[in-house]
$ cat query.cif   # mmCIF, C-alpha atoms
data_data
loop_
_atom_site.label_atom_id
_atom_site.label_comp_id
_atom_site.auth_asym_id
_atom_site.auth_seq_id
_atom_site.Cartn_x
_atom_site.Cartn_y
_atom_site.Cartn_z
CA MET A 1 47.46 -53.77 -10.96
CA SER A 2 47.11 -57.03 -12.83
CA LYS A 3 43.84 -57.58 -14.64
CA ILE A 4 41.03 -59.30 -12.79
CA THR A 5 38.73 -61.13 -15.16
CA SER A 6 37.40 -64.07 -13.16
CA LEU A 7 36.27 -64.97 -9.65
CA ALA A 8 39.52 -66.94 -9.25
CA ASP A 9 41.54 -63.79 -10.02
CA LEU A 10 39.34 -61.86 -7.60
CA LYS A 11 39.89 -64.36 -4.81
CA LYS A 12 43.65 -64.35 -5.35
CA LYS A 13 43.84 -60.56 -5.37
CA ARG A 14 41.66 -60.33 -2.27
CA GLU A 15 43.95 -62.65 -0.38
CA GLU A 16 46.87 -60.38 -1.30
CA MET A 17 45.07 -57.22 -0.21
CA LYS A 18 43.13 -58.53 2.74
CA THR A 19 41.90 -55.64 4.80
CA GLY A 20 39.99 -55.28 7.96
CA LEU A 21 37.63 -52.35 7.74
CA ASP A 22 34.22 -53.89 7.24
CA LEU A 23 31.07 -51.81 7.30
CA ARG A 24 29.16 -54.79 8.61
CA VAL A 25 31.14 -54.72 11.84
CA LYS A 26 30.57 -50.98 12.21
CA ALA A 27 26.86 -51.44 11.54
CA ILE A 28 26.46 -53.49 14.72
CA ASN A 29 26.06 -50.27 16.66
CA PRO A 30 25.27 -47.53 14.15
CA GLU A 31 24.55 -44.99 16.91
CA ASN A 32 28.27 -44.88 17.69
CA VAL A 33 29.42 -43.98 14.21
CA VAL A 34 28.79 -41.17 11.75
CA GLN A 35 25.80 -41.87 9.52
CA VAL A 36 25.65 -40.29 6.08
CA LYS A 37 22.51 -40.65 3.97
CA VAL A 38 22.65 -39.55 0.36
CA ALA A 39 19.30 -38.73 -1.29
CA MET A 40 19.19 -40.87 -4.41
CA ALA A 41 15.86 -40.19 -6.08
CA THR A 42 15.62 -38.98 -9.68
CA CYS A 43 16.25 -35.36 -8.65
CA GLY A 44 19.37 -36.31 -6.68
CA ILE A 45 20.77 -38.67 -9.31
CA ALA A 46 20.24 -36.08 -12.07
CA SER A 47 22.13 -33.52 -9.96
CA GLY A 48 25.17 -35.70 -9.22
CA ALA A 49 24.26 -37.78 -6.14
CA LYS A 50 26.13 -40.81 -7.50
CA THR A 51 29.43 -38.92 -7.59
CA VAL A 52 28.79 -37.54 -4.10
CA MET A 53 27.98 -40.99 -2.73
CA GLU A 54 31.12 -42.48 -4.29
CA PHE A 55 33.14 -39.63 -2.75
CA PHE A 56 31.81 -40.28 0.76
CA LEU A 57 32.21 -44.06 0.46
CA GLU A 58 35.83 -43.68 -0.60
CA GLN A 59 36.98 -40.66 1.39
CA LEU A 60 35.50 -41.55 4.79
CA GLU A 61 37.34 -44.83 4.66
CA ARG A 62 40.53 -43.24 3.36
CA ARG A 63 40.39 -40.59 6.13
CA ASN A 64 39.77 -43.23 8.81
CA VAL A 65 36.33 -41.96 9.80
CA ALA A 66 34.11 -44.73 11.18
CA ALA A 67 30.93 -44.18 9.22
CA ILE A 68 27.99 -45.81 7.55
CA VAL A 69 27.16 -44.39 4.15
CA THR A 70 23.76 -45.29 2.84
CA GLN A 71 21.14 -43.98 0.47
CA THR A 72 17.67 -42.68 0.94
CA GLY A 73 14.80 -41.50 -1.25
CA CYS A 74 13.85 -37.93 -2.01
CA MET A 75 13.83 -35.78 1.15
CA GLY A 76 11.64 -33.17 -0.53
CA TYR A 77 14.41 -30.63 -1.17
CA CYS A 78 14.62 -31.20 -4.92
CA TYR A 79 15.68 -27.59 -5.51
CA ALA A 80 18.83 -28.17 -3.42
CA GLU A 81 20.04 -31.51 -4.77
CA PRO A 82 22.31 -33.28 -4.21
CA THR A 83 21.29 -33.36 -0.56
CA ILE A 84 22.74 -35.44 2.24
CA GLU A 85 21.83 -36.01 5.87
CA VAL A 86 24.66 -36.36 8.36
CA LYS A 87 24.11 -37.68 11.86
CA LEU A 88 27.01 -37.45 14.26
CA PRO A 89 26.89 -39.76 17.30
CA GLY A 90 24.64 -38.20 19.96
CA ALA A 91 23.64 -35.24 17.77
CA ASP A 92 20.54 -34.39 15.75
CA PRO A 93 20.75 -35.08 12.03
CA VAL A 94 21.72 -32.15 9.81
CA VAL A 95 20.71 -31.90 6.16
CA PHE A 96 23.10 -30.23 3.71
CA GLY A 97 22.03 -29.10 0.24
CA PHE A 98 23.85 -28.32 -3.01
CA VAL A 99 26.55 -30.82 -2.06
CA ASP A 100 29.27 -30.92 -4.70
CA LEU A 101 32.66 -32.53 -4.13
CA LYS A 102 34.12 -29.33 -2.67
CA ARG A 103 31.32 -29.06 -0.13
CA ALA A 104 31.50 -32.79 0.55
CA ASP A 105 35.16 -32.37 1.41
CA GLN A 106 34.30 -29.46 3.77
CA ILE A 107 31.58 -31.54 5.42
CA ILE A 108 34.07 -34.32 6.17
CA GLU A 109 36.91 -32.07 7.29
CA LYS A 110 34.86 -29.52 9.29
CA TYR A 111 31.49 -30.91 10.32
CA ILE A 112 32.22 -34.61 10.65
CA LYS A 113 35.73 -34.29 12.10
CA THR A 114 35.29 -31.20 14.29
CA GLY A 115 31.55 -30.48 14.51
CA GLU A 116 31.98 -27.06 12.86
CA LEU A 117 28.99 -26.17 10.69
CA VAL A 118 29.52 -25.36 7.03
CA ASP A 119 27.44 -23.60 4.37
CA GLY A 120 24.52 -25.34 2.74
CA ILE A 121 22.51 -26.43 5.77
CA ILE A 122 18.80 -26.78 5.10
CA PRO A 123 17.05 -25.38 8.19
CA VAL A 124 15.25 -27.90 10.34
CA ASN A 125 12.14 -25.67 10.44
CA TYR A 126 11.77 -25.87 6.68
CA GLN A 127 8.34 -27.16 5.71
CA THR A 128 7.14 -28.34 2.35
CA ILE A 129 4.07 -26.60 0.94
CA ASP A 130 2.01 -29.73 1.67
CA LEU A 131 2.81 -29.58 5.38
CA LYS A 132 1.98 -25.88 5.85
CA GLU A 133 -1.36 -25.22 7.45
CA MET B 1 20.60 -37.60 -17.01
CA LYS B 2 23.37 -38.03 -19.53
CA GLU B 3 24.09 -41.73 -19.08
CA LEU B 4 21.86 -44.80 -19.18
CA SER B 5 23.57 -46.13 -16.05
CA LEU B 6 22.01 -43.21 -14.12
CA ASN B 7 18.56 -44.18 -15.41
CA ILE B 8 19.31 -47.73 -14.26
CA LEU B 9 20.44 -46.42 -10.85
CA ASP B 10 17.14 -44.56 -10.56
CA ILE B 11 14.97 -47.54 -11.51
CA VAL B 12 16.90 -49.85 -9.17
CA GLN B 13 16.17 -47.36 -6.38
CA ASN B 14 12.47 -47.99 -7.07
CA SER B 15 13.09 -51.73 -6.68
CA ILE B 16 14.86 -51.16 -3.36
CA ARG B 17 11.99 -49.01 -2.10
CA ALA B 18 9.66 -51.81 -3.19
CA LYS B 19 11.52 -54.05 -0.70
CA ALA B 20 13.08 -56.29 -3.35
CA ASN B 21 15.92 -58.55 -2.25
CA GLU B 22 16.69 -59.90 -5.73
CA ILE B 23 17.34 -57.39 -8.48
CA SER B 24 18.70 -58.16 -11.92
CA VAL B 25 19.84 -55.77 -14.60
CA GLU B 26 20.31 -57.17 -18.10
CA ILE B 27 21.63 -55.29 -21.10
CA ILE B 28 21.41 -56.68 -24.63
CA GLU B 29 23.50 -54.68 -27.02
CA SER B 30 23.67 -55.57 -30.71
CA VAL B 31 25.26 -53.48 -33.41
CA VAL B 32 24.21 -56.09 -35.97
CA SER B 33 20.53 -55.97 -35.01
CA ASP B 34 20.63 -52.29 -33.97
CA ILE B 35 19.13 -53.05 -30.59
CA TYR B 36 20.02 -51.72 -27.15
CA ARG B 37 17.74 -53.28 -24.57
CA ILE B 38 17.71 -52.78 -20.82
CA ILE B 39 15.73 -55.20 -18.65
CA ILE B 40 15.40 -54.60 -14.90
CA LYS B 41 13.65 -57.27 -12.84
CA ASP B 42 12.92 -57.38 -9.13
CA ASN B 43 10.94 -59.45 -6.65
CA GLY B 44 9.55 -56.45 -4.78
CA THR B 45 6.01 -55.54 -3.86
CA GLY B 46 5.02 -54.77 -7.45
CA ILE B 47 3.00 -51.88 -8.85
CA PRO B 48 -0.75 -51.84 -8.13
CA GLU B 49 -2.94 -52.49 -11.19
CA GLU B 50 -4.64 -49.12 -11.00
CA ILE B 51 -1.28 -47.33 -11.14
CA ILE B 52 0.50 -49.41 -13.78
CA LYS B 53 -1.63 -48.05 -16.63
CA ASN B 54 -0.42 -44.52 -15.98
CA VAL B 55 2.93 -45.25 -14.37
CA THR B 56 4.87 -43.30 -16.97
CA ASP B 57 2.84 -40.19 -16.23
CA PRO B 58 5.14 -37.99 -14.10
CA PHE B 59 2.24 -37.13 -11.79
CA VAL B 60 1.39 -40.74 -11.02
CA THR B 61 3.37 -42.39 -8.24
CA THR B 62 2.97 -44.79 -5.34
CA ARG B 63 4.45 -42.18 -3.02
CA THR B 64 2.04 -40.46 -0.67
CA LYS B 65 4.00 -37.38 0.41
CA ARG B 66 5.43 -36.02 -2.82
CA ARG B 67 3.05 -37.10 -5.53
CA MET B 68 5.39 -37.00 -8.46
CA GLY B 69 7.74 -39.59 -9.94
CA LEU B 70 10.11 -38.98 -12.82
CA GLY B 71 12.19 -42.17 -13.01
CA LEU B 72 10.07 -44.22 -15.41
CA PRO B 73 8.86 -41.24 -17.50
CA LEU B 74 12.50 -40.23 -18.07
CA LEU B 75 13.54 -43.72 -19.13
CA LYS B 76 10.54 -43.91 -21.48
CA TYR B 77 11.40 -40.51 -22.91
CA HIS B 78 15.01 -41.51 -23.58
CA ALA B 79 13.93 -44.78 -25.21
CA GLU B 80 11.32 -43.10 -27.41
CA LEU B 81 13.83 -40.45 -28.48
CA THR B 82 15.62 -43.23 -30.34
CA GLY B 83 12.44 -44.76 -31.78
CA GLY B 84 12.27 -47.32 -28.99
CA SER B 85 9.74 -48.10 -26.29
CA LEU B 86 9.22 -48.94 -22.63
CA LYS B 87 7.26 -51.95 -21.41
CA ILE B 88 6.30 -52.69 -17.81
CA GLU B 89 4.99 -55.93 -16.37
CA SER B 90 4.18 -56.11 -12.69
CA GLU B 91 2.25 -58.27 -10.31
CA THR B 92 1.45 -57.17 -6.77
CA GLY B 93 3.43 -59.21 -4.29
CA LYS B 94 5.61 -60.87 -6.94
CA GLY B 95 7.69 -58.17 -8.56
CA THR B 96 8.21 -55.96 -11.56
CA LYS B 97 9.93 -56.28 -14.92
CA ILE B 98 10.82 -53.19 -16.92
CA ARG B 99 12.09 -53.41 -20.48
CA ALA B 100 13.40 -50.40 -22.34
CA ASP B 101 14.29 -50.78 -26.01
CA PHE B 102 16.54 -48.30 -27.78
CA SER B 103 17.87 -48.10 -31.30
CA ASN B 104 21.56 -48.82 -30.72
CA SER B 105 22.82 -46.63 -33.55
CA HIS B 106 20.53 -43.66 -32.92
CA ILE B 107 22.41 -40.43 -32.23
CA ASP B 108 20.21 -39.76 -29.20
CA ARG B 109 20.93 -43.14 -27.59
CA GLN B 110 22.95 -42.17 -24.54
CA PRO B 111 26.13 -44.02 -23.60
CA LEU B 112 25.86 -46.60 -20.84
CA GLY B 113 28.38 -44.80 -18.62
CA ASP B 114 29.72 -46.10 -15.33
CA ILE B 115 27.60 -49.22 -14.85
CA SER B 116 30.13 -50.91 -12.55
CA GLY B 117 30.05 -47.81 -10.32
CA VAL B 118 26.26 -48.05 -10.13
CA LEU B 119 26.46 -51.71 -9.11
CA LEU B 120 29.14 -50.98 -6.51
CA ILE B 121 27.08 -48.19 -4.90
CA HIS B 122 24.21 -50.59 -4.41
CA MET B 123 26.36 -53.42 -3.14
CA ALA B 124 28.07 -51.08 -0.66
CA SER B 125 24.89 -49.56 0.72
CA ASP B 126 22.47 -52.49 0.34
CA PRO B 127 24.52 -55.58 1.18
CA GLY B 128 21.38 -57.66 1.79
CA ILE B 129 20.26 -57.50 -1.84
CA ASP B 130 21.26 -60.10 -4.41
CA PHE B 131 22.26 -58.14 -7.51
CA THR B 132 22.73 -59.85 -10.85
CA TYR B 133 24.14 -58.08 -13.89
CA ILE B 134 24.10 -59.61 -17.36
CA HIS B 135 25.54 -57.90 -20.42
CA LYS B 136 25.20 -59.49 -23.86
CA THR B 137 26.77 -58.19 -27.04
CA ASP B 138 27.31 -59.59 -30.53
CA ASP B 139 30.70 -60.81 -29.35
CA GLY B 140 29.89 -62.46 -26.04
CA GLU B 141 28.18 -62.38 -22.70
CA TYR B 142 29.22 -61.43 -19.19
CA ARG B 143 27.28 -62.32 -16.06
CA PHE B 144 27.94 -61.08 -12.53
CA SER B 145 26.06 -62.32 -9.51
CA ALA B 146 26.65 -60.86 -6.06
CA LYS B 147 25.37 -64.06 -4.46
CA GLU B 148 27.62 -66.36 -6.51
CA THR B 149 30.59 -64.09 -5.83
CA MET B 150 29.97 -64.24 -2.08
CA GLU B 151 29.62 -68.01 -2.19
CA TYR B 152 32.83 -68.36 -4.17
CA LEU B 153 34.75 -66.09 -1.82
CA GLU B 154 33.10 -67.72 1.21
CA ILE B 155 32.00 -64.38 2.67
CA GLU B 156 28.65 -63.12 3.96
CA THR B 157 28.60 -59.58 2.59
CA LEU B 158 30.29 -57.62 -0.18
CA ASN B 159 30.69 -54.32 1.61
CA ASP B 160 34.44 -54.30 2.10
CA ARG B 161 35.55 -51.22 0.14
CA ASN B 162 38.76 -52.75 -1.24
CA LEU B 163 36.90 -55.86 -2.36
CA LEU B 164 34.29 -53.71 -4.10
CA ASP B 165 37.05 -51.87 -5.97
CA LEU B 166 38.40 -55.23 -7.16
CA ILE B 167 34.91 -56.30 -8.25
CA GLY B 168 34.47 -53.04 -10.19
CA ASN B 169 37.79 -53.72 -11.88
CA MET B 170 36.67 -57.27 -12.75
CA ILE B 171 33.35 -56.09 -14.22
CA ASP B 172 35.04 -53.37 -16.32
CA GLU B 173 37.64 -55.80 -17.68
CA ASN B 174 34.97 -58.28 -18.71
CA LEU B 175 32.84 -55.60 -20.37
CA ILE B 176 35.85 -54.50 -22.42
CA LYS B 177 36.33 -58.11 -23.53
CA ILE B 178 32.82 -58.34 -24.96
CA GLU B 179 32.61 -54.79 -26.29
CA ALA B 180 30.46 -54.87 -29.42
CA SER B 181 32.65 -54.59 -32.50
CA GLY B 182 29.76 -54.43 -34.93
CA ILE B 183 31.24 -57.20 -37.03
CA ASP B 184 28.79 -59.98 -37.76
CA PHE B 185 31.12 -62.85 -36.89
CA LYS B 186 28.36 -65.27 -36.07
CA GLU B 187 25.84 -64.02 -38.62
CA LEU B 188 23.54 -63.22 -35.76
CA ASN B 189 19.89 -63.56 -36.50
CA ARG B 190 17.75 -60.63 -35.30
CA ASP B 191 15.18 -63.13 -34.02
CA ALA B 192 17.78 -64.74 -31.77
CA ILE B 193 17.82 -61.62 -29.61
#

$ encode --input "query.cif" --output "structure tokens"
Amino acid sequence: MSKITSLADLKKKREEMKTGLDLRVKAINPENVVQVKVAMATCGIASGAKTVMEFFLEQLERRNVAAIVTQTGCMGYCYAEPTIEVKLPGADPVVFGFVDLKRADQIIEKYIKTGELVDGIIPVNYQTIDLKE
Amino acid sequence: MKELSLNILDIVQNSIRAKANEISVEIIESVVSDIYRIIIKDNGTGIPEEIIKNVTDPFVTTRTKRRMGLGLPLLKYHAELTGGSLKIESETGKGTKIRADFSNSHIDRQPLGDISGVLLIHMASDPGIDFTYIHKTDDGEYRFSAKETMEYLEIETLNDRNLLDLIGNMIDENLIKIEASGIDFKELNRDAI
């Protein structure tokens, strides 16, 4: 690829590679698409959340999965970072912990594409110490 | 965290949570003056006066559920490891400015890492925020503005994945062009920085 060093180069290259898939269009009705939230607080970032987020941003588009990938703060599962929350259309959100690139790939191929659960789910009945009576 | 770009990612997350819609990251890097300075500014809600005095204490945070925050303490720790410092200015309702100074040549000064990747993550997931990135070295200056880029390209958001890849490429190429050589071509004065 030729070097892009200015906005003029960027505009020219964009015209050459014009592509349709725009998250903004998908965001019009987010309930109809897969929503992935990556926890990006200090604990998540220190454990590799940036790499996980880049993986989901790139791979969901490459694998033609209509999805919104966004970030969120700490979900309180610092011990299990990086953590992500996945919400399939019409289903309850599921939180996965210890998400490395291998598990991220499984989440896309099994849970997002077929609904099959994979290892690493943080149970919904988990409570932080603060919330326990 | 092994790269300064991850510290920046973390601090910018604070700005986003503070409802900022203008965030600027500026890096001043001088081999000649032995300075590596990171300035992060936002127009968010600001840090309350009673918290700002102790904001680098890990057990002081504006959060109410999990009363611990490590972002600023970590950045301060990394700066002080090199003999540098962290300074915070904030006004409620107007925004916050964080300045971290490092000794550029210190062995414990971490590399910057993938700063274009950090910017792209934010532009992809927070398209409503105007990000500005400025990087100054002894040999030049590069400035990227999400808003100016959108105006130039006549588009409303920057969240097209292919476009973001091109922008990352553009930022990286420009940072290579101004990479600090350490040669005092312009006889830079320390006071000028």

$ closest_residue --input "query.cif" --among "A:Gln106, A:Asn29, A:Thr70, A:Gln35" --to "chain B" --atoms "all atoms listed in the file"
A:Thr70

$ closest_residue --input "query.cif" --among "A:Ile84, A:Val95, A:Val36, A:Met53" --to "chain B" --atoms "only C-alpha atoms"
A:Met53

$ closest_residue --input "query.cif" --among "B:Gly113, B:Gly128, B:Gly95, B:Gly140" --to "Asp172 in chain B" --atoms "all atoms listed in the file"
B:Gly113

$ residues_around --input "query.cif" --residues "Ile8 in chain B" --least-positions-apart "4" --cutoff "8 Å" --atoms "all atoms listed in the file" --output "tab-separated table (two decimals) with C-alpha atoms, in the frame of the given file"
chain	number	residue	atom	x	y	z
B	4	LEU	CA	21.86	-44.80	-19.18
B	12	VAL	CA	16.90	-49.85	-9.17
B	40	ILE	CA	15.40	-54.60	-14.90

$ interface_residues --input "query.cif" --of "chain B" --to "chain A" --cutoff "10 Å" --atoms "only C-alpha atoms" --output "VMD selection string"
chain B and resid 1 to 3 6 to 7 9 to 11 13 to 14 16 to 17 65 to 66 69 to 72 74 117 to 118 120 to 122 124 to 127 144 148 to 150 152 to 154 156 to 163 165 to 175 177

$ axis_aligned_box --input "query.cif" --around "range 70-73 of chain B" --padding-each-side "6 Å" --output "lines of an AutoDock Vina configuration file"
center_x = 10.5
center_y = -41.6
center_z = -15.2
size_x = 15.3
size_y = 17.2
size_z = 16.7
